[in-house]
$ cat final-v2.cif   # mmCIF, C-alpha atoms and all ligand atoms
data_start
#
loop_
_atom_site.label_atom_id
_atom_site.label_comp_id
_atom_site.auth_asym_id
_atom_site.auth_seq_id
_atom_site.Cartn_x
_atom_site.Cartn_y
_atom_site.Cartn_z
CA MET A 740 0.00 0.00 0.00
CA ASN A 741 1.21 3.45 -0.92
CA HIS A 742 1.07 5.99 1.90
CA PHE A 743 1.41 8.92 -0.51
CA GLN A 744 -1.92 9.15 -2.28
CA TYR A 745 -4.64 11.53 -3.40
CA ILE A 746 -7.41 12.02 -0.88
CA ASP A 747 -10.20 14.57 -1.60
CA GLY A 748 -8.36 15.78 -4.66
CA VAL A 749 -4.97 16.52 -3.12
CA LEU A 750 -1.87 14.50 -2.36
CA HIS A 751 -1.60 13.28 1.22
CA ALA A 752 1.20 11.69 3.19
CA GLU A 753 -0.74 9.18 5.28
CA GLY A 754 -3.54 11.36 6.72
CA VAL A 755 -1.71 14.67 6.30
CA SER A 756 -2.59 17.00 3.42
CA ILE A 757 0.48 18.12 1.51
CA PRO A 758 -0.86 21.61 0.67
CA ALA A 759 -1.65 22.19 4.35
CA LEU A 760 1.84 21.02 5.27
CA ALA A 761 3.40 23.29 2.64
CA GLU A 762 1.56 26.26 4.15
CA LYS A 763 3.03 25.48 7.55
CA VAL A 764 6.55 24.44 6.61
CA GLY A 765 7.16 26.46 3.45
CA THR A 766 8.76 24.90 0.38
CA PRO A 767 10.79 22.99 -0.60
CA PHE A 768 10.76 20.26 2.02
CA TYR A 769 11.16 16.52 2.35
CA CYS A 770 8.27 14.51 3.73
CA TYR A 771 8.60 10.96 5.04
CA SER A 772 5.92 8.44 5.96
CA THR A 773 6.35 6.49 9.18
CA ALA A 774 3.99 3.76 7.96
CA THR A 775 6.04 3.22 4.79
CA LEU A 776 9.35 3.17 6.66
CA GLU A 777 7.96 0.64 9.10
CA ARG A 778 6.39 -1.49 6.41
CA HIS A 779 9.59 -1.62 4.37
CA TYR A 780 11.65 -2.59 7.39
CA LYS A 781 9.21 -5.31 8.42
CA VAL A 782 8.82 -6.77 4.92
CA TYR A 783 12.58 -6.85 4.47
CA ALA A 784 13.30 -8.31 7.92
CA SER A 785 10.63 -10.98 7.55
CA ALA A 786 12.32 -12.24 4.37
CA PHE A 787 15.01 -13.64 6.69
CA ASP A 788 12.69 -15.23 9.23
CA GLY A 789 14.16 -18.46 10.49
CA LEU A 790 17.73 -17.39 9.70
CA ASP A 791 20.08 -16.00 12.31
CA ALA A 792 20.10 -12.54 10.74
CA THR A 793 20.37 -8.86 11.72
CA VAL A 794 19.15 -6.04 9.52
CA CYS A 795 21.57 -3.15 9.88
CA TYR A 796 19.91 -0.24 8.07
CA ALA A 797 22.51 1.64 5.98
CA ILE A 798 21.98 5.01 7.55
CA LYS A 799 23.75 6.90 4.78
CA ALA A 800 20.47 6.60 2.84
CA ASN A 801 18.61 8.78 5.32
CA SER A 802 20.15 9.49 8.68
CA ASN A 803 17.70 11.91 10.25
CA GLN A 804 17.52 11.06 13.95
CA ALA A 805 13.74 10.67 13.81
CA VAL A 806 13.98 8.21 10.92
CA LEU A 807 16.67 6.25 12.76
CA LYS A 808 14.64 6.18 15.94
CA THR A 809 11.59 4.92 14.04
CA LEU A 810 13.66 2.01 12.72
CA ALA A 811 15.61 1.42 15.93
CA LYS A 812 12.30 0.96 17.76
CA LEU A 813 11.56 -1.92 15.40
CA GLY A 814 14.87 -3.51 16.31
CA ALA A 815 16.97 -2.33 13.39
CA GLY A 816 20.74 -2.27 13.64
CA ALA A 817 22.83 0.26 11.71
CA ASP A 818 25.51 0.19 9.06
CA VAL A 819 27.59 3.36 9.48
CA VAL A 820 30.44 4.81 7.47
CA SER A 821 31.76 7.61 9.65
CA VAL A 822 32.06 8.50 13.29
CA GLY A 823 29.28 11.01 12.70
CA GLU A 824 26.96 8.27 11.49
CA MET A 825 28.01 6.05 14.38
CA ARG A 826 27.07 8.76 16.87
CA ARG A 827 23.77 9.25 15.09
CA ALA A 828 22.95 5.54 15.31
CA LEU A 829 23.89 5.23 18.98
CA ARG A 830 22.06 8.43 19.89
CA ALA A 831 18.92 7.14 18.15
CA GLY A 832 19.00 4.09 20.40
CA VAL A 833 20.56 1.46 18.14
CA ALA A 834 22.29 -1.10 20.36
CA PRO A 835 26.11 -1.00 19.91
CA ASP A 836 26.14 -4.74 19.24
CA LYS A 837 24.01 -4.06 16.16
CA VAL A 838 26.30 -1.41 14.68
CA ILE A 839 28.66 -2.23 11.82
CA PHE A 840 31.28 0.31 10.75
CA SER A 841 31.92 0.13 6.97
CA GLY A 842 33.86 2.41 4.63
CA VAL A 843 37.09 2.56 2.69
CA GLY A 844 39.09 4.80 4.99
CA LYS A 845 38.61 5.09 8.72
CA ALA A 846 40.67 7.61 10.65
CA ASP A 847 42.45 6.67 13.89
CA ALA A 848 40.01 8.72 15.92
CA GLU A 849 37.10 6.90 14.30
CA MET A 850 38.64 3.52 15.07
CA ARG A 851 39.19 4.54 18.69
CA GLU A 852 35.64 5.75 19.15
CA ALA A 853 34.27 2.57 17.55
CA LEU A 854 36.39 0.38 19.84
CA ASP A 855 35.37 2.43 22.86
CA ALA A 856 31.70 2.06 21.95
CA ASP A 857 32.24 -1.70 21.58
CA ILE A 858 30.24 -1.91 18.36
CA ALA A 859 29.62 -5.28 16.71
CA GLN A 860 32.18 -5.16 13.93
CA ILE A 861 34.51 -2.97 11.91
CA ASN A 862 34.68 -3.83 8.20
CA VAL A 863 38.21 -3.40 6.94
CA GLU A 864 38.86 -2.60 3.27
CA SER A 865 42.64 -2.63 2.79
CA ILE A 866 45.88 -3.98 4.26
CA PRO A 867 47.07 -0.53 5.44
CA GLU A 868 43.73 0.00 7.19
CA LEU A 869 44.01 -3.43 8.82
CA GLU A 870 47.51 -2.62 10.07
CA GLU A 871 46.36 0.74 11.41
CA LEU A 872 43.40 -0.81 13.23
CA ASN A 873 45.71 -3.43 14.72
CA ARG A 874 48.03 -0.67 16.03
CA VAL A 875 45.13 1.34 17.47
CA ALA A 876 43.57 -1.72 19.16
CA ILE A 877 46.88 -2.81 20.72
CA ASP A 878 47.45 0.73 21.94
CA MET A 879 44.02 0.66 23.60
CA GLY A 880 44.57 -2.82 25.02
CA LYS A 881 41.65 -4.16 22.98
CA LYS A 882 40.97 -6.62 20.20
CA ALA A 883 39.01 -5.27 17.25
CA ARG A 884 36.29 -7.55 15.91
CA ILE A 885 36.57 -7.30 12.15
CA ALA A 886 35.27 -8.50 8.84
CA ILE A 887 37.29 -8.03 5.71
CA ARG A 888 35.32 -6.58 2.83
CA ILE A 889 35.95 -8.66 -0.23
CA ASN A 890 35.61 -7.31 -3.74
CA PRO A 891 34.26 -10.29 -5.72
CA HIS A 892 34.82 -8.74 -9.18
CA VAL A 893 31.16 -9.02 -10.08
CA ASP A 894 29.36 -6.48 -12.24
CA ALA A 895 26.23 -5.37 -10.40
CA LYS A 896 24.77 -3.99 -13.67
CA THR A 897 23.83 -0.69 -12.12
CA HIS A 898 24.86 2.93 -12.70
CA GLU A 899 28.66 3.10 -12.92
CA LYS A 900 28.84 5.57 -10.02
CA ILE A 901 27.13 3.19 -7.61
CA ALA A 902 28.74 -0.12 -8.66
CA THR A 903 31.22 -1.25 -6.02
CA GLY A 904 32.10 -4.87 -6.73
CA LYS A 905 34.22 -4.66 -9.88
CA ALA A 906 38.00 -4.97 -10.03
CA GLU A 907 38.33 -1.31 -11.00
CA ASN A 908 36.27 -0.09 -8.01
CA LYS A 909 38.06 1.21 -4.91
CA PHE A 910 36.12 -1.01 -2.54
CA GLY A 911 37.30 -4.04 -0.61
CA ILE A 912 40.15 -6.46 -1.06
CA ASP A 913 40.30 -8.42 -4.32
CA TRP A 914 38.77 -11.83 -3.70
CA THR A 915 41.84 -13.41 -5.28
CA ARG A 916 43.92 -12.09 -2.34
CA ALA A 917 41.42 -12.82 0.39
CA ILE A 918 43.06 -15.89 1.91
CA GLU A 919 46.44 -14.18 2.15
CA VAL A 920 44.94 -11.13 3.90
CA TYR A 921 42.88 -13.28 6.29
CA ARG A 922 46.04 -15.18 7.25
CA MET A 923 47.72 -11.87 7.95
CA ALA A 924 44.76 -10.62 10.04
CA ALA A 925 44.49 -13.87 12.00
CA ALA A 926 48.09 -13.45 13.16
CA MET A 927 47.57 -9.90 14.46
CA GLU A 928 47.45 -9.35 18.19
CA GLY A 929 44.89 -6.54 18.08
CA ILE A 930 42.53 -8.22 15.63
CA ASP A 931 39.74 -10.71 16.17
CA VAL A 932 38.61 -12.02 12.79
CA THR A 933 34.88 -12.63 13.01
CA GLY A 934 33.41 -12.05 9.60
CA ILE A 935 33.52 -11.48 5.90
CA ALA A 936 31.74 -8.62 4.14
CA MET A 937 30.60 -7.83 0.66
CA HIS A 938 28.57 -5.07 -0.97
CA ILE A 939 28.55 -5.10 -4.75
CA GLY A 940 26.56 -1.98 -5.50
CA SER A 941 23.32 -0.11 -5.13
CA GLN A 942 19.99 -0.10 -7.00
CA LEU A 943 20.35 -3.67 -8.29
CA THR A 944 17.26 -4.82 -10.13
CA ASP A 945 18.32 -8.40 -10.78
CA LEU A 946 19.29 -11.21 -8.41
CA ALA A 947 21.93 -12.73 -10.72
CA PRO A 948 24.89 -10.52 -9.66
CA PHE A 949 24.06 -11.08 -5.97
CA ARG A 950 23.87 -14.82 -6.57
CA GLU A 951 27.24 -14.84 -8.32
CA ALA A 952 28.89 -12.76 -5.58
CA PHE A 953 27.43 -14.76 -2.67
CA THR A 954 28.40 -18.04 -4.30
CA ARG A 955 31.95 -16.75 -4.50
CA LEU A 956 31.70 -15.65 -0.86
CA SER A 957 30.50 -19.07 0.21
CA GLY A 958 33.47 -20.72 -1.53
CA LEU A 959 35.82 -18.36 0.29
CA VAL A 960 34.30 -19.13 3.69
CA GLU A 961 34.85 -22.84 3.08
CA LYS A 962 38.46 -22.27 2.02
CA LEU A 963 39.06 -20.15 5.11
CA ARG A 964 37.64 -22.92 7.28
CA ASP A 965 40.10 -25.33 5.72
CA GLU A 966 42.82 -22.92 6.84
CA GLY A 967 41.47 -22.93 10.40
CA ILE A 968 40.06 -19.39 10.10
CA ILE A 969 36.51 -19.46 11.37
CA ILE A 970 34.06 -16.98 9.92
CA ARG A 971 31.04 -16.47 12.15
CA ASN A 972 29.38 -13.49 10.47
CA LEU A 973 28.54 -12.97 6.82
CA ASP A 974 27.81 -9.35 6.00
CA LEU A 975 26.03 -9.32 2.66
CA GLY A 976 25.69 -5.53 2.31
CA GLY A 977 22.66 -3.82 0.80
CA GLY A 978 21.89 -2.91 -2.75
CA LEU A 979 18.43 -4.28 -3.49
CA GLY A 980 16.82 -1.74 -5.82
CA ILE A 981 13.46 0.01 -5.85
CA ALA A 982 11.06 1.13 -8.59
CA TYR A 983 11.77 4.68 -9.73
CA GLN A 984 10.48 4.33 -13.29
CA GLY A 985 8.63 1.06 -13.61
CA GLU A 986 11.59 -1.16 -12.74
CA THR A 987 10.59 -4.50 -11.26
CA PRO A 988 13.32 -5.32 -8.76
CA PRO A 989 13.10 -8.68 -6.98
CA LEU A 990 10.99 -8.64 -3.84
CA PRO A 991 12.73 -9.07 -0.48
CA ASP A 992 11.32 -12.60 -0.19
CA ALA A 993 13.00 -13.68 -3.43
CA TYR A 994 16.21 -12.03 -2.25
CA GLY A 995 15.92 -13.87 1.10
CA GLN A 996 15.40 -17.15 -0.72
CA MET A 997 18.52 -16.55 -2.82
CA VAL A 998 20.49 -15.79 0.36
CA ARG A 999 19.35 -19.11 1.84
CA GLU A 1000 20.34 -20.95 -1.33
CA THR A 1001 23.80 -19.40 -1.62
CA VAL A 1002 25.01 -19.09 1.97
CA GLY A 1003 22.33 -20.67 4.19
CA HIS A 1004 24.25 -23.94 4.56
CA LEU A 1005 27.26 -22.22 6.15
CA GLY A 1006 25.57 -21.82 9.54
CA CYS A 1007 26.80 -18.25 9.98
CA HIS A 1008 25.10 -15.22 11.45
CA ILE A 1009 24.00 -13.00 8.56
CA THR A 1010 24.07 -9.20 8.48
CA LEU A 1011 22.14 -7.26 5.86
CA GLU A 1012 22.59 -3.58 5.12
CA PRO A 1013 19.62 -2.26 3.13
CA GLY A 1014 19.40 1.49 2.72
CA ARG A 1015 17.46 2.62 -0.34
CA LEU A 1016 14.90 -0.16 -0.03
CA ILE A 1017 13.88 1.03 3.42
CA ALA A 1018 13.87 4.80 2.88
CA GLY A 1019 13.60 5.45 -0.88
CA ASN A 1020 9.88 5.19 -1.44
CA ALA A 1021 9.12 6.36 2.08
CA GLY A 1022 9.87 9.96 1.12
CA VAL A 1023 8.96 12.68 -1.35
CA MET A 1024 10.29 16.16 -1.93
CA ILE A 1025 7.64 18.85 -2.19
CA SER A 1026 8.34 21.96 -4.19
CA ARG A 1027 6.40 24.96 -5.47
CA VAL A 1028 6.35 26.12 -9.07
CA MET A 1029 7.94 29.57 -9.23
CA TYR A 1030 7.70 30.35 -12.91
CA ILE A 1031 6.61 28.84 -16.17
CA LYS A 1032 8.89 29.91 -18.97
CA ASP A 1033 8.07 29.23 -22.59
CA GLY A 1034 11.36 29.11 -24.46
CA GLU A 1035 11.65 28.70 -28.21
CA ALA A 1036 12.51 25.03 -27.95
CA LYS A 1037 10.94 24.08 -24.65
CA ARG A 1038 8.67 24.95 -21.83
CA PHE A 1039 10.48 25.12 -18.50
CA VAL A 1040 8.81 24.66 -15.17
CA ILE A 1041 11.04 26.42 -12.66
CA LEU A 1042 10.70 25.02 -9.15
CA ASP A 1043 11.83 26.48 -5.86
CA ALA A 1044 13.81 23.26 -5.24
CA ALA A 1045 17.15 22.76 -6.94
CA MET A 1046 20.02 20.35 -7.40
CA ASN A 1047 21.38 21.33 -4.00
CA ASP A 1048 18.20 19.90 -2.44
CA LEU A 1049 18.15 16.67 -4.49
CA ILE A 1050 21.33 15.91 -6.42
CA ARG A 1051 20.43 12.46 -7.80
CA PRO A 1052 19.13 13.57 -11.23
CA THR A 1053 22.21 15.74 -11.78
CA LEU A 1054 24.73 13.24 -10.44
CA TYR A 1055 23.42 9.94 -11.79
CA ASN A 1056 20.90 11.04 -14.43
CA ALA A 1057 18.48 9.44 -11.99
CA TYR A 1058 14.79 9.40 -12.80
CA HIS A 1059 12.34 10.64 -10.17
CA GLU A 1060 8.68 10.79 -11.03
CA ILE A 1061 7.25 14.31 -10.69
CA ILE A 1062 3.52 14.65 -10.05
CA PRO A 1063 1.20 17.56 -9.36
CA VAL A 1064 -0.07 17.71 -5.78
CA ASP A 1065 -3.49 18.54 -7.20
CA GLU A 1066 -5.22 15.37 -8.41
CA GLN A 1067 -7.05 17.06 -11.28
CA GLY A 1068 -3.64 18.19 -12.54
CA GLU A 1069 -2.46 14.59 -12.43
CA LYS A 1070 -5.43 13.60 -14.63
CA ASP A 1071 -4.83 16.48 -17.08
CA LYS A 1072 -1.12 15.84 -17.60
CA GLN A 1073 -0.31 16.56 -21.23
CA ALA A 1074 2.27 19.31 -21.63
CA LEU A 1075 5.83 18.13 -22.18
CA VAL A 1076 8.09 20.25 -20.02
CA ASP A 1077 11.56 20.34 -18.53
CA VAL A 1078 11.39 20.63 -14.76
CA VAL A 1079 14.32 22.66 -13.49
CA GLY A 1080 15.59 24.46 -10.42
CA PRO A 1081 16.90 28.01 -9.98
CA VAL A 1082 20.58 27.12 -9.51
CA CYS A 1083 23.05 28.44 -12.08
CA GLU A 1084 23.91 25.12 -13.69
CA THR A 1085 22.47 23.46 -16.77
CA GLY A 1086 22.51 20.21 -14.83
CA ASP A 1087 20.02 21.66 -12.36
CA THR A 1088 17.25 19.69 -14.04
CA PHE A 1089 14.89 17.31 -12.26
CA GLY A 1090 13.38 15.86 -15.41
CA LYS A 1091 13.27 16.41 -19.17
CA ASP A 1092 10.21 16.12 -21.35
CA ARG A 1093 7.95 15.29 -18.44
CA LYS A 1094 4.19 15.25 -18.72
CA LEU A 1095 2.62 17.86 -16.47
CA PRO A 1096 -0.70 19.71 -16.77
CA ASP A 1097 -0.95 22.40 -19.44
CA ASN A 1098 -2.43 24.81 -16.94
CA LEU A 1099 0.22 24.34 -14.25
CA GLN A 1100 0.59 27.74 -12.58
CA PRO A 1101 3.19 29.50 -10.47
CA GLY A 1102 2.29 28.70 -6.87
CA ASP A 1103 1.18 25.13 -7.66
CA LEU A 1104 2.85 22.32 -5.76
CA VAL A 1105 4.59 19.29 -7.23
CA ALA A 1106 5.96 16.18 -5.55
CA VAL A 1107 9.25 14.65 -6.58
CA MET A 1108 8.70 11.01 -5.75
CA SER A 1109 10.97 8.29 -4.31
CA ALA A 1110 13.19 10.88 -2.68
CA GLY A 1111 13.47 9.36 0.79
CA ALA A 1112 16.89 7.79 0.20
CA TYR A 1113 20.01 9.71 -0.82
CA GLY A 1114 17.92 12.91 -0.92
CA ALA A 1115 18.22 15.15 2.13
CA VAL A 1116 21.47 13.46 3.17
CA MET A 1117 23.15 14.51 -0.07
CA SER A 1118 21.84 18.06 -0.06
CA SER A 1119 24.20 21.00 0.08
CA THR A 1120 24.11 24.75 0.47
CA TYR A 1121 25.36 25.49 -3.05
CA ASN A 1122 24.33 28.96 -4.23
CA THR A 1123 23.95 29.83 -0.51
CA ARG A 1124 20.66 28.01 -0.35
CA ALA A 1125 19.70 26.80 3.11
CA LEU A 1126 19.41 23.08 3.77
CA THR A 1127 15.98 21.63 3.00
CA PRO A 1128 13.71 20.99 5.98
CA GLU A 1129 12.43 17.49 6.69
CA VAL A 1130 9.02 16.45 7.98
CA LEU A 1131 7.90 13.07 9.30
CA VAL A 1132 4.24 12.13 9.29
CA LYS A 1133 2.50 9.46 11.30
CA ASP A 1134 -1.21 8.93 10.68
CA ASP A 1135 -2.76 12.42 10.96
CA ALA A 1136 0.19 13.97 12.77
CA TYR A 1137 3.34 15.56 11.48
CA ALA A 1138 6.59 16.72 13.03
CA ILE A 1139 9.28 18.94 11.58
CA ILE A 1140 12.30 16.75 12.10
CA ARG A 1141 14.76 19.22 10.64
CA PRO A 1142 13.72 22.85 10.70
CA ARG A 1143 14.54 25.22 7.89
CA GLN A 1144 18.02 26.59 8.36
CA SER A 1145 18.21 30.36 8.27
CA ILE A 1146 20.36 31.86 5.55
CA ASP A 1147 22.00 34.20 8.06
CA GLU A 1148 22.93 31.19 10.19
CA LEU A 1149 24.49 29.66 7.10
CA ILE A 1150 26.48 32.77 6.23
CA GLY A 1151 27.43 33.12 9.90
CA LEU A 1152 29.39 29.85 9.73
CA ASP A 1153 32.13 31.62 7.77
CA ARG A 1154 35.01 33.26 9.64
CA ILE A 1155 36.94 36.34 8.56
CA PRO A 1156 40.72 36.15 9.15
CA GLU A 1157 42.03 39.00 11.26
CA TRP A 1158 44.07 40.45 8.40
CA LEU A 1159 40.82 41.31 6.61
CA ASP A 1160 39.36 43.16 9.57
C1 LIG B 1201 28.79 -1.00 2.53
C2 LIG B 1201 27.42 -0.58 2.12
N1 LIG B 1201 26.37 -1.18 2.69
C3 LIG B 1201 25.10 -0.84 2.37
C4 LIG B 1201 24.83 0.16 1.44
C5 LIG B 1201 23.41 0.47 1.15
O1 LIG B 1201 23.08 0.27 -0.14
P1 LIG B 1201 21.58 0.40 -0.64
O2 LIG B 1201 21.10 1.73 -0.26
O3 LIG B 1201 21.69 0.24 -2.10
O4 LIG B 1201 20.80 -0.70 -0.01
C6 LIG B 1201 25.90 0.80 0.81
C7 LIG B 1201 25.65 1.78 -0.27
O5 LIG B 1201 25.61 1.38 -1.44
C8 LIG B 1201 27.22 0.43 1.17
O6 LIG B 1201 28.26 1.05 0.60
N1 LIG B 1202 24.02 8.00 -3.51
C1 LIG B 1202 23.66 6.91 -4.39
C2 LIG B 1202 23.76 5.58 -3.70
C3 LIG B 1202 25.09 5.34 -3.12
C4 LIG B 1202 25.16 4.11 -2.35
C5 LIG B 1202 26.25 4.18 -1.36
N2 LIG B 1202 27.25 3.14 -1.46
C6 LIG B 1202 22.31 7.16 -5.00
O1 LIG B 1202 21.72 8.17 -4.73
O2 LIG B 1202 21.84 6.38 -5.78
#
$ encode --input "final-v2.cif" --output "structure tokens" --more "lines below"
Ligand SMILES: Cc1ncc(COP(=O)(O)O)c(C=O)c1O
Ligand SMILES: N[C@@H](CCCC[NH3+])C(=O)O
Amino acid sequence: MNHFQYIDGVLHAEGVSIPALAEKVGTPFYCYSTATLERHYKVYASAFDGLDATVCYAIKANSNQAVLKTLAKLGAGADVVSVGEMRRALRAGVAPDKVIFSGVGKADAEMREALDADIAQINVESIPELEELNRVAIDMGKKARIAIRINPHVDAKTHEKIATGKAENKFGIDWTRAIEVYRMAAAMEGIDVTGIAMHIGSQLTDLAPFREAFTRLSGLVEKLRDEGIIIRNLDLGGGLGIAYQGETPPLPDAYGQMVRETVGHLGCHITLEPGRLIAGNAGVMISRVMYIKDGEAKRFVILDAAMNDLIRPTLYNAYHEIIPVDEQGEKDKQALVDVVGPVCETGDTFGKDRKLPDNLQPGDLVAVMSAGAYGAVMSSTYNTRALTPEVLVKDDAYAIIRPRQSIDELIGLDRIPEWLD
């Protein structure tokens, strides 16, 4: 069930009217549905029923404290990639033993804080990082529980900027060198080898690359066992895609079945790190039309949101459906327009040749759909535009979970060196 739908002629988020919300919050803003977040988490988690598995939500997708708390209350763990994200997860109430620290380059201070917090596992991505973690752990008189992230050299068949499992990608240790690096890690005083990790990319719409990668992973675990290196935790990463433009990605149940088939026999604890699947379709970005400009070649709909608010179309040529908040407008869609923002870049375009109503007016609201993941978290203040506010709805209630930043506050962050005074 979709929790963003037309009720009495206007788009609602659960029981909350979007135009009413826009009046109160101003535009643009992000709006998330609690019911959708919860449903996605539960559907995903239940795909692993009967397995010894933990769902560690990849908080990079949407790390607002209120979103994290919503998921933490359902029992979600967290996959974090910086000390900032780790603090967010712990502050939102995620238990430390359900926190996994991923990422290609962790600083000493981040390793120390992670060891102090006694989180479940640190995923190591290179030999130098392993050596550094060993040094830090010995210095602290601790043993770091680690997994080594393996790059399986599998093409995830996704956008090149979000594929992570190919030989030319910076992520993980080549699977061909895995045994050698595990031997090295097993001999280190400050390291406790507990797991193996993999994440081959994001927005995958086919199970085949996962199946290939996990089969390779399973072979590695068996080889490591032969060497006397016991792997207790398999971290399978995230990556399952969502529908942005009619894609039909596999459902979580089919993914869960494939996990059972490829690695179920190993008897390991399994960690999963979904991000987009949980948050993507649980959020929309609401924006107001500022101007309609009829150019010689095109009609442009100029929104008050821009690439700084939602970078995905600019960065990945990503498709986000754009719909009028007024239902009659949705029925009358016929004009082909380019939907753009006010930022001074040609790439500040949310969609080209999109169908919107002919009579769309300045002041009308539109919703940019599927914007709950990698939306607000990737926003910036480019063109000295304040960060976009975020709103969470639950039934008929709403809460502003990140207020609109004032522009003066933003400018006030700069410091003038004394020689300019
Ligand atoms: C290590 C790791 N885990 C999990 C994720 C979450 O991916 P997704 O949002 O595609 O589920 C990412 C991002 O791609 C990642 O790098
Ligand atoms: N930011 C990307 C996903 C990156 C996944 C992180 N490893 C997107 O918006 O599609």
$ atom_distance --input "final-v2.cif" --atom1 "atom CA of A:Arg1124" --atom2 "atom CA of A:Gly1090"
20.7 Å
$ residues_near_point --input "final-v2.cif" --point "(27.5, 3.8, 13.9)" --cutoff "8 Å" --atoms "all atoms listed in the file" --output "ChimeraX atom specification"
/A:817-829,835,838-840,853,858
$ residues_near_ligand --input "final-v2.cif" --ligand "ligand LIG 1202 (chain B)" --cutoff "7 Å" --atoms "all atoms listed in the file" --output "NGL selection string"
:A and (901 or 940-942 or 1051 or 1112-1113)
$ atom_distance --input "final-v2.cif" --atom1 "atom CA of A:Leu956" --atom2 "atom C8 of ligand LIG 1201 (chain B)"
16.8 Å
$ residues_near_ligand --input "final-v2.cif" --ligand "ligand LIG 1201 (chain B)" --cutoff "10 Å" --atoms "all atoms listed in the file" --output "number ranges by chain"
A: 795-801, 817-820, 839-843, 862, 888, 901-903, 910-911, 936-943, 974-981, 1011-1019, 1112-1113
$ closest_residue --input "final-v2.cif" --among "A:Phe953, A:Tyr994, A:Phe768, A:Tyr921" --to "A:Ile970" --atoms "only C-alpha atoms"
A:Tyr921
$ residues_around --input "final-v2.cif" --residues "A:Tyr1030" --least-positions-apart "4" --cutoff "8 Å" --atoms "all atoms listed in the file" --output "PyMOL selection string"
chain A and resi 1040-1042+1100-1101
$ write_last_selection --input "final-v2.cif" --atoms "C-alpha atoms" --output "mmCIF file, in the coordinates of the input"
data_model
loop_
_atom_site.group_PDB
_atom_site.id
_atom_site.type_symbol
_atom_site.label_atom_id
_atom_site.label_comp_id
_atom_site.auth_asym_id
_atom_site.auth_seq_id
_atom_site.Cartn_x
_atom_site.Cartn_y
_atom_site.Cartn_z
ATOM 1 C CA VAL A 1040 8.810 24.660 -15.170
ATOM 2 C CA ILE A 1041 11.040 26.420 -12.660
ATOM 3 C CA LEU A 1042 10.700 25.020 -9.150
ATOM 4 C CA GLN A 1100 0.590 27.740 -12.580
ATOM 5 C CA PRO A 1101 3.190 29.500 -10.470
#
$ closest_residue --input "final-v2.cif" --among "A:Asp945, A:Glu777, A:Glu871, A:Glu919" --to "A:Ala895" --atoms "only C-alpha atoms"
A:Asp945
$ closest_residue --input "final-v2.cif" --among "A:Val833, A:Ile912, A:Val1132, A:Ile930" --to "A:Asn873" --atoms "only C-alpha atoms"
A:Ile930
$ residues_around --input "final-v2.cif" --residues "A:Ile969" --least-positions-apart "3" --cutoff "9 Å" --atoms "all atoms listed in the file" --output "compact mmCIF listing (two decimals) with C-alpha atoms, in the coordinates of the input"
# COMPACT_ATOMS: atom_id res chain seq x y z
CA VAL A 932 38.61 -12.02 12.79
CA THR A 933 34.88 -12.63 13.01
CA GLY A 934 33.41 -12.05 9.60
CA VAL A 960 34.30 -19.13 3.69
CA LEU A 963 39.06 -20.15 5.11
CA ARG A 964 37.64 -22.92 7.28
CA ASP A 965 40.10 -25.33 5.72
CA GLU A 966 42.82 -22.92 6.84
$ decode --input "final-v2.cif" --residues "stretch 869-886 of chain A" --atoms "C-alpha atoms" --output "PDB file, in the first residue's frame"
ATOM      1  CA  LEU A 869      44.010  -3.426   8.820  1.00  0.00           C
ATOM      2  CA  GLU A 870      47.512  -2.615  10.065  1.00  0.00           C
ATOM      3  CA  GLU A 871      46.361   0.741  11.414  1.00  0.00           C
ATOM      4  CA  LEU A 872      43.404  -0.812  13.229  1.00  0.00           C
ATOM      5  CA  ASN A 873      45.714  -3.434  14.724  1.00  0.00           C
ATOM      6  CA  ARG A 874      48.025  -0.672  16.033  1.00  0.00           C
ATOM      7  CA  VAL A 875      45.130   1.337  17.469  1.00  0.00           C
ATOM      8  CA  ALA A 876      43.567  -1.716  19.160  1.00  0.00           C
ATOM      9  CA  ILE A 877      46.880  -2.813  20.716  1.00  0.00           C
ATOM     10  CA  ASP A 878      47.448   0.729  21.937  1.00  0.00           C
ATOM     11  CA  MET A 879      44.016   0.659  23.601  1.00  0.00           C
ATOM     12  CA  GLY A 880      44.565  -2.816  25.022  1.00  0.00           C
ATOM     13  CA  LYS A 881      41.653  -4.164  22.979  1.00  0.00           C
ATOM     14  CA  LYS A 882      40.970  -6.622  20.201  1.00  0.00           C
ATOM     15  CA  ALA A 883      39.012  -5.268  17.249  1.00  0.00           C
ATOM     16  CA  ARG A 884      36.292  -7.554  15.909  1.00  0.00           C
ATOM     17  CA  ILE A 885      36.570  -7.301  12.154  1.00  0.00           C
ATOM     18  CA  ALA A 886      35.270  -8.500   8.842  1.00  0.00           C
TER      19      ALA A 886
END
